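Structure file target.txt; described as compact mmCIF, C-alpha atoms.
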```txt
# COMPACT_ATOMS: atom_id res chain seq x y z
CA MET A 1 -230.60 -234.78 81.90
CA THR A 2 -232.89 -232.51 79.88
CA PHE A 3 -234.10 -233.27 76.40
CA ARG A 4 -233.94 -229.93 74.59
CA GLN A 5 -236.93 -230.92 72.54
CA THR A 6 -240.63 -230.42 72.16
CA ILE A 7 -242.42 -233.71 72.70
CA VAL A 8 -246.08 -234.40 72.01
CA ILE A 9 -247.96 -237.29 73.59
CA ILE A 10 -251.04 -238.28 71.61
CA ARG A 11 -253.66 -240.04 73.72
CA ALA A 12 -251.99 -238.48 76.72
CA ALA A 13 -254.94 -239.36 78.99
CA SER A 14 -254.45 -243.11 78.48
CA GLU A 15 -252.65 -245.03 81.23
CA ALA A 16 -249.41 -245.27 79.31
CA GLY A 17 -249.70 -241.66 78.10
CA ARG A 18 -250.23 -240.37 81.63
CA GLN A 19 -247.23 -242.25 82.92
CA MET A 20 -245.01 -240.94 80.14
CA ALA A 21 -246.28 -237.38 80.65
CA LYS A 22 -245.59 -237.42 84.38
CA GLY A 23 -242.19 -238.97 83.88
CA LEU A 24 -241.07 -236.58 81.14
CA ALA A 25 -242.56 -233.30 82.35
CA GLY A 26 -239.48 -232.18 84.22
CA HIS A 27 -237.01 -233.23 81.55
CA VAL A 28 -238.09 -231.67 78.28
CA GLN A 29 -238.12 -228.19 76.80
CA SER A 30 -241.84 -228.42 76.06
CA LEU A 31 -244.45 -231.14 76.56
CA LEU A 32 -247.67 -231.00 74.56
CA LEU A 33 -250.53 -233.27 75.54
CA VAL A 34 -253.27 -234.24 73.09
CA ASP A 35 -256.32 -236.38 73.77
CA GLU A 36 -259.96 -236.39 72.69
CA ASP A 37 -260.83 -236.36 76.36
CA ALA A 38 -259.98 -232.72 76.98
CA ILE A 39 -261.18 -232.79 80.58
CA ALA A 40 -258.95 -235.72 81.51
CA THR A 41 -256.03 -234.00 79.78
CA ASP A 42 -256.70 -230.76 81.66
CA LEU A 43 -256.68 -232.72 84.91
CA LEU A 44 -253.42 -234.37 83.92
CA VAL A 45 -251.84 -230.98 83.25
CA ALA A 46 -253.06 -229.80 86.66
CA GLU A 47 -251.64 -232.90 88.34
CA ILE A 48 -248.27 -232.38 86.72
CA LYS A 49 -248.22 -228.67 87.59
CA ALA A 50 -249.07 -229.55 91.19
CA MET A 51 -245.92 -231.73 91.31
CA LEU A 52 -243.79 -229.42 89.15
CA PRO A 53 -245.15 -225.87 89.05
CA ASN A 54 -242.70 -224.78 86.34
CA ALA A 55 -243.19 -227.81 84.13
CA PRO A 56 -243.48 -226.69 80.48
CA VAL A 57 -246.60 -228.76 79.87
CA GLU A 58 -249.82 -227.77 78.14
CA GLN A 59 -252.85 -229.29 76.53
CA VAL A 60 -253.19 -228.84 72.78
CA ASP A 61 -256.46 -229.52 70.94
CA CYS A 62 -255.08 -230.48 67.57
CA ALA A 63 -252.78 -233.47 67.05
CA MET A 64 -251.64 -232.07 63.69
CA ASN A 65 -250.54 -228.71 65.12
CA ALA A 66 -248.93 -230.34 68.13
CA SER A 67 -247.03 -232.79 65.90
CA TRP A 68 -245.94 -229.91 63.67
CA GLU A 69 -244.40 -228.17 66.69
CA ALA A 70 -242.94 -231.36 68.11
CA ASP A 71 -239.49 -232.78 67.52
CA LEU A 72 -240.67 -236.19 68.74
CA ILE A 73 -244.11 -237.77 68.86
CA ILE A 74 -245.28 -240.39 71.36
CA LEU A 75 -248.35 -242.34 70.33
CA ALA A 76 -250.04 -243.95 73.30
CA THR A 77 -253.12 -245.25 71.55
CA GLN A 78 -254.37 -248.77 70.81
CA PRO A 79 -252.87 -250.27 67.62
CA GLY A 80 -256.26 -250.30 65.88
CA LEU A 81 -256.66 -246.54 66.22
CA GLU A 82 -253.23 -245.51 64.99
CA GLU A 83 -254.01 -245.29 61.27
CA GLY A 84 -256.45 -242.43 61.70
CA ILE A 85 -254.04 -240.42 63.78
CA ILE A 86 -251.07 -241.06 61.52
CA SER A 87 -253.04 -240.11 58.40
CA LYS A 88 -253.85 -236.81 60.07
CA VAL A 89 -250.30 -235.98 61.19
CA GLN A 90 -248.33 -237.63 58.38
CA PRO A 91 -247.54 -234.35 56.51
CA VAL A 92 -245.76 -232.91 59.55
CA ILE A 93 -243.87 -235.90 60.95
CA ASN A 94 -241.37 -236.35 58.11
CA GLN A 95 -237.91 -237.25 59.49
CA LYS A 96 -239.22 -237.01 63.07
CA ILE A 97 -239.09 -239.78 65.64
CA MET A 98 -242.43 -241.37 66.46
CA ILE A 99 -242.57 -243.73 69.43
CA ARG A 100 -245.51 -246.11 69.56
CA LEU A 101 -246.38 -247.57 72.94
CA VAL A 102 -247.89 -251.01 72.31
CA PRO A 103 -249.15 -253.17 75.19
CA VAL A 104 -248.63 -256.94 74.87
CA GLN A 105 -249.52 -259.93 77.03
CA ASP A 106 -246.06 -261.42 76.99
CA ILE A 107 -242.97 -259.47 75.96
CA LYS A 108 -241.22 -262.71 75.01
CA ALA A 109 -243.93 -263.65 72.53
CA ILE A 110 -244.90 -260.65 70.42
CA PRO A 111 -247.77 -261.73 68.14
CA ALA A 112 -246.89 -261.83 64.43
CA SER A 113 -249.97 -259.72 63.74
CA LEU A 114 -248.52 -256.89 65.79
CA VAL A 115 -245.21 -257.11 63.95
CA ARG A 116 -247.09 -256.98 60.61
CA HIS A 117 -249.08 -254.04 61.89
CA THR A 118 -245.85 -252.22 62.74
CA LYS A 119 -244.73 -252.60 59.14
CA HIS A 120 -248.10 -251.32 57.96
CA ILE A 121 -247.75 -248.26 60.21
CA GLN A 122 -244.27 -247.59 58.85
CA ASP A 123 -245.66 -247.75 55.31
CA LEU A 124 -248.14 -245.00 56.22
CA ALA A 125 -245.28 -242.74 57.26
CA PRO A 126 -242.28 -243.98 55.27
CA HIS A 127 -239.95 -241.10 56.17
CA THR A 128 -240.72 -241.08 59.87
CA LYS A 129 -238.29 -242.77 62.25
CA LEU A 130 -240.65 -245.23 63.86
CA VAL A 131 -239.82 -246.82 67.19
CA THR A 132 -242.12 -249.42 68.70
CA VAL A 133 -242.01 -249.92 72.44
CA TYR A 134 -243.77 -253.13 73.40
CA TYR A 135 -244.58 -253.22 77.09
CA SER A 136 -246.01 -256.06 79.15
CA ALA A 137 -247.92 -254.09 81.79
CA CYS A 138 -248.53 -250.44 82.48
CA PRO A 139 -246.41 -249.16 85.38
CA VAL A 140 -249.43 -247.74 87.16
CA ARG A 141 -250.92 -251.22 87.47
CA SER A 142 -247.82 -253.23 88.09
CA GLU A 143 -244.65 -252.93 90.09
CA THR A 144 -242.50 -253.80 87.11
CA THR A 145 -242.90 -253.35 83.41
CA GLU A 146 -241.07 -255.33 80.79
CA VAL A 147 -240.22 -253.32 77.72
CA LEU A 148 -238.93 -254.26 74.30
CA ILE A 149 -237.79 -251.52 71.96
CA ALA A 150 -237.87 -252.22 68.23
CA SER A 151 -236.44 -249.65 65.84
CA PRO A 152 -234.84 -249.87 62.39
CA ASN A 153 -233.08 -246.58 63.16
CA GLU A 154 -230.40 -246.99 65.82
CA MET A 155 -230.31 -243.36 66.88
CA ALA A 156 -234.09 -243.21 67.26
CA GLY A 157 -234.01 -246.41 69.30
CA ARG A 158 -231.38 -244.95 71.63
CA ILE A 159 -233.43 -241.80 72.17
CA ALA A 160 -236.52 -243.90 72.90
CA LEU A 161 -234.52 -245.88 75.44
CA GLN A 162 -233.42 -242.68 77.19
CA LEU A 163 -237.02 -241.46 77.32
CA ILE A 164 -238.26 -244.78 78.70
CA LYS A 165 -235.55 -244.72 81.35
CA LYS A 166 -236.61 -241.19 82.34
CA SER A 167 -240.32 -241.93 82.53
CA TRP A 168 -240.68 -245.66 83.31
CA MET A 169 -237.28 -246.81 84.49
CA LYS A 170 -238.20 -247.26 88.10
CA GLN A 171 -240.45 -250.01 86.95
CA ALA A 172 -239.06 -251.08 83.61
CA ILE A 173 -237.00 -254.09 82.69
CA ILE A 174 -235.53 -253.49 79.25
CA MET B 1 -246.05 -226.59 53.01
CA TYR B 2 -243.23 -226.72 50.44
CA GLU B 3 -244.55 -224.05 48.08
CA LEU B 4 -242.05 -221.34 48.89
CA LEU B 5 -239.16 -223.81 48.94
CA PHE B 6 -239.91 -224.98 45.41
CA ARG B 7 -240.50 -221.45 44.19
CA ASN B 8 -237.08 -220.67 45.58
CA PHE B 9 -235.59 -223.64 43.73
CA GLU B 10 -237.19 -222.59 40.44
CA GLU B 11 -235.03 -219.48 40.39
CA LYS B 12 -232.01 -221.77 40.04
CA PHE B 13 -233.24 -225.15 38.77
CA SER B 14 -236.42 -227.06 37.96
CA PRO B 15 -236.64 -230.33 39.86
CA THR B 16 -238.46 -233.19 38.15
CA LEU B 17 -241.50 -234.68 39.88
CA GLU B 18 -239.37 -237.53 41.15
CA GLU B 19 -236.77 -235.09 42.46
CA GLN B 20 -239.51 -233.06 44.14
CA GLU B 21 -240.62 -236.14 46.06
CA ILE B 22 -237.04 -236.93 47.04
CA ILE B 23 -236.53 -233.37 48.24
CA LYS B 24 -239.79 -233.34 50.23
CA SER B 25 -238.85 -236.60 51.92
CA CYS B 26 -235.64 -235.05 53.26
CA PHE B 27 -237.07 -232.00 55.01
CA THR B 28 -238.56 -231.89 58.53
CA PRO B 29 -241.55 -229.55 58.97
CA LYS B 30 -241.26 -227.60 62.21
CA LYS B 31 -243.50 -224.94 63.69
CA LEU B 32 -242.14 -222.57 66.28
CA ARG B 33 -243.84 -219.98 68.44
CA LYS B 34 -242.68 -216.43 69.06
CA ARG B 35 -239.65 -216.28 71.35
CA GLN B 36 -238.92 -220.00 71.07
CA PHE B 37 -235.42 -221.02 70.04
CA LEU B 38 -234.40 -222.88 66.94
CA LEU B 39 -230.83 -223.02 68.25
CA GLN B 40 -229.30 -222.13 71.59
CA GLU B 41 -225.74 -221.19 72.41
CA GLY B 42 -223.74 -224.28 73.31
CA ASP B 43 -225.80 -226.66 71.17
CA VAL B 44 -224.44 -227.97 67.89
CA CYS B 45 -226.33 -226.75 64.83
CA HIS B 46 -227.46 -229.97 63.14
CA GLN B 47 -229.88 -228.46 60.65
CA LEU B 48 -230.30 -225.75 58.06
CA ALA B 49 -233.69 -224.04 58.28
CA PHE B 50 -235.75 -222.74 55.38
CA ILE B 51 -238.50 -220.32 56.35
CA GLU B 52 -241.85 -220.97 54.72
CA LYS B 53 -243.56 -218.47 56.97
CA GLY B 54 -242.49 -216.13 59.75
CA ALA B 55 -239.28 -214.49 60.91
CA LEU B 56 -236.27 -215.39 63.02
CA TYR B 57 -233.03 -213.76 64.01
CA SER B 58 -229.64 -214.91 65.18
CA TYR B 59 -227.52 -213.25 67.81
CA SER B 60 -224.55 -213.79 70.06
CA THR B 61 -224.16 -212.64 73.64
CA ASP B 62 -220.89 -211.13 74.81
CA VAL B 63 -219.22 -211.52 78.22
CA LYS B 64 -221.10 -208.48 79.51
CA GLY B 65 -224.40 -210.10 78.61
CA VAL B 66 -225.04 -207.74 75.69
CA SER B 67 -226.68 -209.29 72.63
CA HIS B 68 -225.37 -208.64 69.13
CA VAL B 69 -227.69 -209.39 66.25
CA LEU B 70 -226.06 -211.13 63.33
CA GLN B 71 -228.85 -211.88 60.97
CA PHE B 72 -232.56 -211.61 60.34
CA ALA B 73 -234.39 -214.12 58.20
CA PHE B 74 -237.87 -213.96 56.67
CA GLU B 75 -240.04 -216.03 54.34
CA GLY B 76 -238.01 -217.63 51.59
CA TRP B 77 -234.69 -217.24 53.44
CA TRP B 78 -232.46 -219.77 55.11
CA ILE B 79 -231.00 -219.48 58.57
CA ALA B 80 -228.44 -221.54 60.48
CA ASP B 81 -225.12 -221.28 62.22
CA LEU B 82 -223.03 -222.50 59.31
CA TYR B 83 -219.84 -222.55 61.35
CA SER B 84 -221.40 -224.93 63.87
CA PHE B 85 -223.17 -226.90 61.12
CA PHE B 86 -220.01 -227.64 59.17
CA THR B 87 -217.55 -228.01 62.04
CA LYS B 88 -220.01 -229.77 64.38
CA SER B 89 -218.75 -227.56 67.20
CA PRO B 90 -220.99 -225.90 69.82
CA SER B 91 -222.66 -222.80 68.52
CA LYS B 92 -221.91 -219.36 69.88
CA LEU B 93 -225.22 -218.18 68.52
CA ASN B 94 -228.86 -218.22 69.46
CA ILE B 95 -231.54 -218.34 66.79
CA GLU B 96 -234.79 -217.02 68.15
CA VAL B 97 -238.27 -216.67 66.68
CA LEU B 98 -239.51 -213.13 66.00
CA GLU B 99 -242.87 -214.15 64.53
CA GLU B 100 -244.57 -217.54 64.72
CA SER B 101 -242.79 -219.53 62.05
CA GLU B 102 -243.19 -222.56 59.83
CA LEU B 103 -239.83 -224.00 58.91
CA LEU B 104 -238.43 -226.81 56.81
CA LEU B 105 -235.33 -228.28 58.42
CA LEU B 106 -232.57 -230.14 56.60
CA ASP B 107 -230.07 -232.12 58.64
CA ARG B 108 -226.47 -232.82 57.67
CA GLU B 109 -227.06 -236.35 56.46
CA ARG B 110 -229.94 -235.41 54.19
CA HIS B 111 -228.12 -232.30 53.02
CA GLU B 112 -225.28 -234.54 51.79
CA PHE B 113 -227.78 -237.00 50.33
CA LEU B 114 -229.54 -234.30 48.32
CA LEU B 115 -226.26 -232.88 47.06
CA LYS B 116 -225.45 -236.28 45.57
CA LYS B 117 -228.92 -237.33 44.49
CA VAL B 118 -230.27 -234.09 42.98
CA PRO B 119 -227.69 -232.29 40.82
CA GLY B 120 -229.81 -229.14 40.58
CA PHE B 121 -229.87 -228.95 44.36
CA GLU B 122 -226.10 -228.84 44.44
CA THR B 123 -226.19 -225.85 42.07
CA TYR B 124 -228.81 -224.19 44.24
CA ILE B 125 -226.81 -224.72 47.44
CA ARG B 126 -223.58 -223.52 45.85
CA ILE B 127 -225.26 -220.27 44.82
CA LEU B 128 -226.84 -219.99 48.27
CA TYR B 129 -223.45 -220.25 49.99
CA GLN B 130 -221.89 -217.88 47.45
CA ASN B 131 -224.58 -215.30 48.19
CA ALA B 132 -224.20 -215.82 51.93
CA TYR B 133 -220.45 -215.21 51.72
CA VAL B 134 -220.90 -212.10 49.57
CA ALA B 135 -223.51 -210.78 51.99
CA LEU B 136 -221.16 -211.40 54.89
CA LEU B 137 -218.36 -209.46 53.17
CA ALA B 138 -220.74 -206.60 52.41
CA ARG B 139 -221.86 -206.53 56.01
CA VAL B 140 -218.30 -206.41 57.34
CA GLU B 141 -217.41 -203.64 54.90
CA GLY B 142 -220.51 -201.71 55.88
CA THR B 143 -219.85 -202.08 59.57
CA LEU B 144 -216.31 -200.76 59.21
CA GLY B 145 -216.81 -197.93 56.75
CA LEU B 146 -220.29 -196.45 56.91
CA SER B 147 -221.93 -193.87 59.14
CA ALA B 148 -225.07 -194.69 61.12
CA GLU B 149 -227.18 -192.85 58.52
CA GLU B 150 -225.57 -194.74 55.65
CA LYS B 151 -225.99 -198.08 57.36
CA TYR B 152 -229.66 -197.45 58.01
CA ALA B 153 -230.27 -196.18 54.47
CA ARG B 154 -228.57 -199.25 53.00
CA LEU B 155 -230.66 -201.52 55.19
CA LEU B 156 -233.90 -199.87 54.09
CA ASP B 157 -232.81 -200.00 50.44
CA GLN B 158 -232.45 -203.74 50.72
CA TYR B 159 -235.29 -204.49 53.10
CA SER B 160 -237.87 -201.71 53.16
CA PHE B 161 -240.28 -203.81 55.23
CA ILE B 162 -237.90 -204.37 58.10
CA SER B 163 -239.11 -201.55 60.35
CA ASN B 164 -242.60 -203.01 60.29
CA ARG B 165 -241.52 -206.44 61.40
CA VAL B 166 -238.46 -206.03 63.59
CA PRO B 167 -238.25 -204.09 66.88
CA GLN B 168 -236.03 -201.02 66.70
CA ASN B 169 -233.63 -202.23 69.39
CA LEU B 170 -232.85 -205.31 67.30
CA ILE B 171 -232.33 -203.23 64.16
CA ALA B 172 -229.98 -200.99 66.13
CA SER B 173 -228.04 -204.01 67.37
CA TYR B 174 -227.79 -205.37 63.84
CA LEU B 175 -226.43 -202.06 62.58
CA GLY B 176 -223.97 -201.83 65.45
CA ILE B 177 -225.42 -198.58 66.76
CA THR B 178 -227.31 -197.65 69.91
CA PRO B 179 -231.12 -197.47 69.91
CA GLU B 180 -230.81 -193.75 70.67
CA THR B 181 -228.67 -193.19 67.57
CA LEU B 182 -231.12 -195.16 65.46
CA SER B 183 -233.99 -193.11 66.82
CA ARG B 184 -232.14 -189.89 65.87
CA VAL B 185 -231.35 -191.23 62.40
CA ARG B 186 -234.98 -192.21 61.83
CA LYS B 187 -236.22 -188.78 62.97
CA GLN B 188 -233.77 -187.10 60.60
CA LYS B 189 -234.93 -189.31 57.77
CA LEU B 190 -238.57 -188.49 58.42
CA SER B 191 -237.89 -184.78 58.57
```
Could you write out this file's structure as structure tokens?
Amino acid sequence: MTFRQTIVIIRAASEAGRQMAKGLAGHVQSLLLVDEDAIATDLLVAEIKAMLPNAPVEQVDCAMNASWEADLIILATQPGLEEGIISKVQPVINQKIMIRLVPVQDIKAIPASLVRHTKHIQDLAPHTKLVTVYYSACPVRSETTEVLIASPNEMAGRIALQLIKKSWMKQAII
Amino acid sequence: MYELLFRNFEEKFSPTLEEQEIIKSCFTPKKLRKRQFLLQEGDVCHQLAFIEKGALYSYSTDVKGVSHVLQFAFEGWWIADLYSFFTKSPSKLNIEVLEESELLLLDRERHEFLLKKVPGFETYIRILYQNAYVALLARVEGTLGLSAEEKYARLLDQYSFISNRVPQNLIASYLGITPETLSRVRKQKLS
């Protein structure tokens, strides 16, 4: 199945970002990778191209421009760093789906602070369809990953589920 | 980002500040590169696109693989496959980017929402669809009745800038003539 969309992964060089990028590269119309660590992102692009020479993947310097081009944004950064990124891209993510990848210790006990933070993030981008994907361990470090998808928008949640299945499913318990 | 959209509205209605915020909240900003697709044949057209910057064109491809240009769209214009948008059926059209473009997209749900929530928007959209229908009738009439020279002259009357921004083969396709005929017509016009 191909997603006929342009997807941007912000903090693509993080563990979760890398895993998503590798999993999605062969299934999207265009994959844009953004990270402050340009060298690591370049290496990631090279790794993906080595596996899939025709993969439509490229590094983009600017999160704002990449998000403007994107139909869907994946944010693979730590919760504390999200505000800065969202403030930057907020003008261009109206009505788009933004998937936040949030690591937790235990998927069955999501801390209240993280739930409050999710609401705070939604307030920063009130017209963005926010989906939060809580995951218990990154696939690269563990054989299985437990995932909980939280989304007030059903359609956005379904799309996030499809993306997770494409990129993490081998290891994910949803 | 919404400057041209609101200037466009002002020709038909003046939204209040509150209405402006409602309208802005409904549109999706989208940037596309040259030769990317806004819509591909077989996909359902879910969105109307307003062009803040750039140029796009729509075309169909016949069974022989020949493309037929239906429409060009530039800054301040709208583009979509209205048939697919309203019937939710797969499009027979492609909408491709001619110049890097900045668009504002409006999906069906928010289109309906704005029609109900902002009365001036309903007036604006009604006039838009009226104009689109009139333009379509004019185009059909022109295709049936005019010579190549007349078609080209009419096109330049309406859009004098078009030769500078659109490749000649696409203009020829739009006019329903061969590139060779267009080349002859242009030479005649220059001389």
**Message:** I'd like the contact shell of B:Pro29 - 10 Å cut-off, all atoms listed in the file, skipping same-chain residues fewer than 4 positions apart - returned as a list in words.
**Reply:**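 With the cut-off at 10 Å, the set is Ser67, Trp68, Glu69, Ala70, Asp71, Pro91, Val92, Ile93, Asn94, Gln95 and Lys96 of chain A; Met1, Tyr2, Lys24, Ala49, Phe50, Glu52, Glu102, Leu103, Leu104, Leu105 and Leu106 of chain B.
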Based on the selection just made, write C-alpha atoms of those residues as an mmCIF file, in the frame of the given file.
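Saved to part_39.cif:
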```cif
data_model
loop_
_atom_site.group_PDB
_atom_site.id
_atom_site.type_symbol
_atom_site.label_atom_id
_atom_site.label_comp_id
_atom_site.auth_asym_id
_atom_site.auth_seq_id
_atom_site.Cartn_x
_atom_site.Cartn_y
_atom_site.Cartn_z
ATOM 1 C CA SER A 67 -247.030 -232.790 65.900
ATOM 2 C CA TRP A 68 -245.940 -229.910 63.670
ATOM 3 C CA GLU A 69 -244.400 -228.170 66.690
ATOM 4 C CA ALA A 70 -242.940 -231.360 68.110
ATOM 5 C CA ASP A 71 -239.490 -232.780 67.520
ATOM 6 C CA PRO A 91 -247.540 -234.350 56.510
ATOM 7 C CA VAL A 92 -245.760 -232.910 59.550
ATOM 8 C CA ILE A 93 -243.870 -235.900 60.950
ATOM 9 C CA ASN A 94 -241.370 -236.350 58.110
ATOM 10 C CA GLN A 95 -237.910 -237.250 59.490
ATOM 11 C CA LYS A 96 -239.220 -237.010 63.070
ATOM 12 C CA MET B 1 -246.050 -226.590 53.010
ATOM 13 C CA TYR B 2 -243.230 -226.720 50.440
ATOM 14 C CA LYS B 24 -239.790 -233.340 50.230
ATOM 15 C CA ALA B 49 -233.690 -224.040 58.280
ATOM 16 C CA PHE B 50 -235.750 -222.740 55.380
ATOM 17 C CA GLU B 52 -241.850 -220.970 54.720
ATOM 18 C CA GLU B 102 -243.190 -222.560 59.830
ATOM 19 C CA LEU B 103 -239.830 -224.000 58.910
ATOM 20 C CA LEU B 104 -238.430 -226.810 56.810
ATOM 21 C CA LEU B 105 -235.330 -228.280 58.420
ATOM 22 C CA LEU B 106 -232.570 -230.140 56.600
#
```
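Near A:Asp42, within a cut-off of 7 Å and counting only C-alpha atoms, sit the residues Ala38, Ala46 and Gln59 of chain A, with same-chain residues fewer than 4 positions away left out.
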Would you compute the box with edges along x, y and z of the file around stretch 117-126 of chain B, including every atom the file lists for it and 8 Å extra on each side, and give its centre and edge lengths in Å to one decimal, as lines of an AutoDock Vina configuration file?
```
center_x = -226.9
center_y = -230.4
center_z = 44.0
size_x = 22.7
size_y = 29.8
size_z = 22.9
```
**Message:** Restricting the calculation to all atoms listed in the file: of B:Leu98, B:Leu56, B:Val44, B:Leu114, which residue gets closest to B:Phe86?
**Reply:**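 Distance minimum relative to B:Phe86 lands on B:Val44.
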**Prompt:** Which one is closest to A:Ala109: A:Leu75, A:Tyr135, A:Gly157, A:Asp61? Count only C-alpha atoms.
**Reply:**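 With only C-alpha atoms as the atom set, the closest residue is A:Tyr135.
Close contacts of B:Arg186, defined as residues with an atom at most 9 Å away when counting all atoms listed in the file, with chain neighbours fewer than 4 positions off set aside, comprise B:Glu149, B:Tyr152, B:Thr181, B:Leu182, B:Leu190, B:Ser191.
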**Complete:** With distances taken over all atoms listed in the file, the candidate from A:Ala125, A:Ala150, A:Leu52, A:Ala156 nearest chain B is A:Ala125
Within 12 Å of chain A, which residues of chain B come that close, and what is the closest atom pair and distance in Å for each? Count only C-alpha atoms and give it as JSON lines.
```
{"residue": "B:Met1", "atom": "CA", "partner": "A:Pro91", "partner_atom": "CA", "distance": 8.6}
{"residue": "B:Tyr2", "atom": "CA", "partner": "A:Pro91", "partner_atom": "CA", "distance": 10.7}
{"residue": "B:Glu21", "atom": "CA", "partner": "A:His127", "partner_atom": "CA", "distance": 11.3}
{"residue": "B:Ile22", "atom": "CA", "partner": "A:His127", "partner_atom": "CA", "distance": 10.5}
{"residue": "B:Ile23", "atom": "CA", "partner": "A:Asn94", "partner_atom": "CA", "distance": 11.4}
{"residue": "B:Lys24", "atom": "CA", "partner": "A:Asn94", "partner_atom": "CA", "distance": 8.6}
{"residue": "B:Ser25", "atom": "CA", "partner": "A:His127", "partner_atom": "CA", "distance": 6.3}
{"residue": "B:Cys26", "atom": "CA", "partner": "A:Gln95", "partner_atom": "CA", "distance": 7.0}
{"residue": "B:Phe27", "atom": "CA", "partner": "A:Asn94", "partner_atom": "CA", "distance": 6.9}
{"residue": "B:Thr28", "atom": "CA", "partner": "A:Asn94", "partner_atom": "CA", "distance": 5.3}
{"residue": "B:Pro29", "atom": "CA", "partner": "A:Val92", "partner_atom": "CA", "distance": 5.4}
{"residue": "B:Lys30", "atom": "CA", "partner": "A:Trp68", "partner_atom": "CA", "distance": 5.4}
{"residue": "B:Lys31", "atom": "CA", "partner": "A:Glu69", "partner_atom": "CA", "distance": 4.5}
{"residue": "B:Leu32", "atom": "CA", "partner": "A:Glu69", "partner_atom": "CA", "distance": 6.1}
{"residue": "B:Arg33", "atom": "CA", "partner": "A:Glu69", "partner_atom": "CA", "distance": 8.4}
{"residue": "B:Gln36", "atom": "CA", "partner": "A:Gln29", "partner_atom": "CA", "distance": 10.0}
{"residue": "B:Phe37", "atom": "CA", "partner": "A:Arg4", "partner_atom": "CA", "distance": 10.1}
{"residue": "B:Leu38", "atom": "CA", "partner": "A:Gln5", "partner_atom": "CA", "distance": 10.1}
{"residue": "B:Leu39", "atom": "CA", "partner": "A:Arg4", "partner_atom": "CA", "distance": 9.9}
{"residue": "B:Gln40", "atom": "CA", "partner": "A:Arg4", "partner_atom": "CA", "distance": 9.6}
{"residue": "B:Gly42", "atom": "CA", "partner": "A:Arg4", "partner_atom": "CA", "distance": 11.7}
{"residue": "B:Asp43", "atom": "CA", "partner": "A:Arg4", "partner_atom": "CA", "distance": 9.4}
{"residue": "B:Val44", "atom": "CA", "partner": "A:Arg4", "partner_atom": "CA", "distance": 11.8}
{"residue": "B:Gln47", "atom": "CA", "partner": "A:Gln95", "partner_atom": "CA", "distance": 12.0}
{"residue": "B:Glu100", "atom": "CA", "partner": "A:Glu69", "partner_atom": "CA", "distance": 10.8}
{"residue": "B:Ser101", "atom": "CA", "partner": "A:Glu69", "partner_atom": "CA", "distance": 9.9}
{"residue": "B:Glu102", "atom": "CA", "partner": "A:Trp68", "partner_atom": "CA", "distance": 8.7}
{"residue": "B:Leu103", "atom": "CA", "partner": "A:Trp68", "partner_atom": "CA", "distance": 9.7}
{"residue": "B:Leu104", "atom": "CA", "partner": "A:Val92", "partner_atom": "CA", "distance": 9.9}
{"residue": "B:Leu105", "atom": "CA", "partner": "A:Gln95", "partner_atom": "CA", "distance": 9.4}
{"residue": "B:Leu106", "atom": "CA", "partner": "A:Gln95", "partner_atom": "CA", "distance": 9.3}
{"residue": "B:Asp107", "atom": "CA", "partner": "A:Gln95", "partner_atom": "CA", "distance": 9.4}
{"residue": "B:Glu109", "atom": "CA", "partner": "A:Gln95", "partner_atom": "CA", "distance": 11.3}
{"residue": "B:Arg110", "atom": "CA", "partner": "A:Gln95", "partner_atom": "CA", "distance": 9.7}
```
Prev. selection, C-alpha atoms, output as a CSV table (one decimal), keeping the file's coordinate frame:
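Here's the written file out-v7.csv:
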```
chain,number,residue,atom,x,y,z
B,1,MET,CA,-246.0,-226.6,53.0
B,2,TYR,CA,-243.2,-226.7,50.4
B,21,GLU,CA,-240.6,-236.1,46.1
B,22,ILE,CA,-237.0,-236.9,47.0
B,23,ILE,CA,-236.5,-233.4,48.2
B,24,LYS,CA,-239.8,-233.3,50.2
B,25,SER,CA,-238.8,-236.6,51.9
B,26,CYS,CA,-235.6,-235.0,53.3
B,27,PHE,CA,-237.1,-232.0,55.0
B,28,THR,CA,-238.6,-231.9,58.5
B,29,PRO,CA,-241.6,-229.6,59.0
B,30,LYS,CA,-241.3,-227.6,62.2
B,31,LYS,CA,-243.5,-224.9,63.7
B,32,LEU,CA,-242.1,-222.6,66.3
B,33,ARG,CA,-243.8,-220.0,68.4
B,36,GLN,CA,-238.9,-220.0,71.1
B,37,PHE,CA,-235.4,-221.0,70.0
B,38,LEU,CA,-234.4,-222.9,66.9
B,39,LEU,CA,-230.8,-223.0,68.2
B,40,GLN,CA,-229.3,-222.1,71.6
B,42,GLY,CA,-223.7,-224.3,73.3
B,43,ASP,CA,-225.8,-226.7,71.2
B,44,VAL,CA,-224.4,-228.0,67.9
B,47,GLN,CA,-229.9,-228.5,60.6
B,100,GLU,CA,-244.6,-217.5,64.7
B,101,SER,CA,-242.8,-219.5,62.0
B,102,GLU,CA,-243.2,-222.6,59.8
B,103,LEU,CA,-239.8,-224.0,58.9
B,104,LEU,CA,-238.4,-226.8,56.8
B,105,LEU,CA,-235.3,-228.3,58.4
B,106,LEU,CA,-232.6,-230.1,56.6
B,107,ASP,CA,-230.1,-232.1,58.6
B,109,GLU,CA,-227.1,-236.4,56.5
B,110,ARG,CA,-229.9,-235.4,54.2
```
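Coordinates place atom CA of B:Tyr174 at a distance of 6.0 Å from atom CA of B:Leu70.
Distance-wise, atom CA of A:Ile149 and atom CA of A:Lys49 end up 29.6 Å apart.
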**Request:** Could you jot down the atom CA of B:Val134 to atom CA of B:Glu10 separation for me, Å, one decimal place?
**Result:** 21.4 Å
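Residue nearest A:Ile73 within the list A:Ile107, A:Leu31, A:Ala12, A:Met98: A:Met98 [criterion: smallest interatomic distance, only C-alpha atoms].
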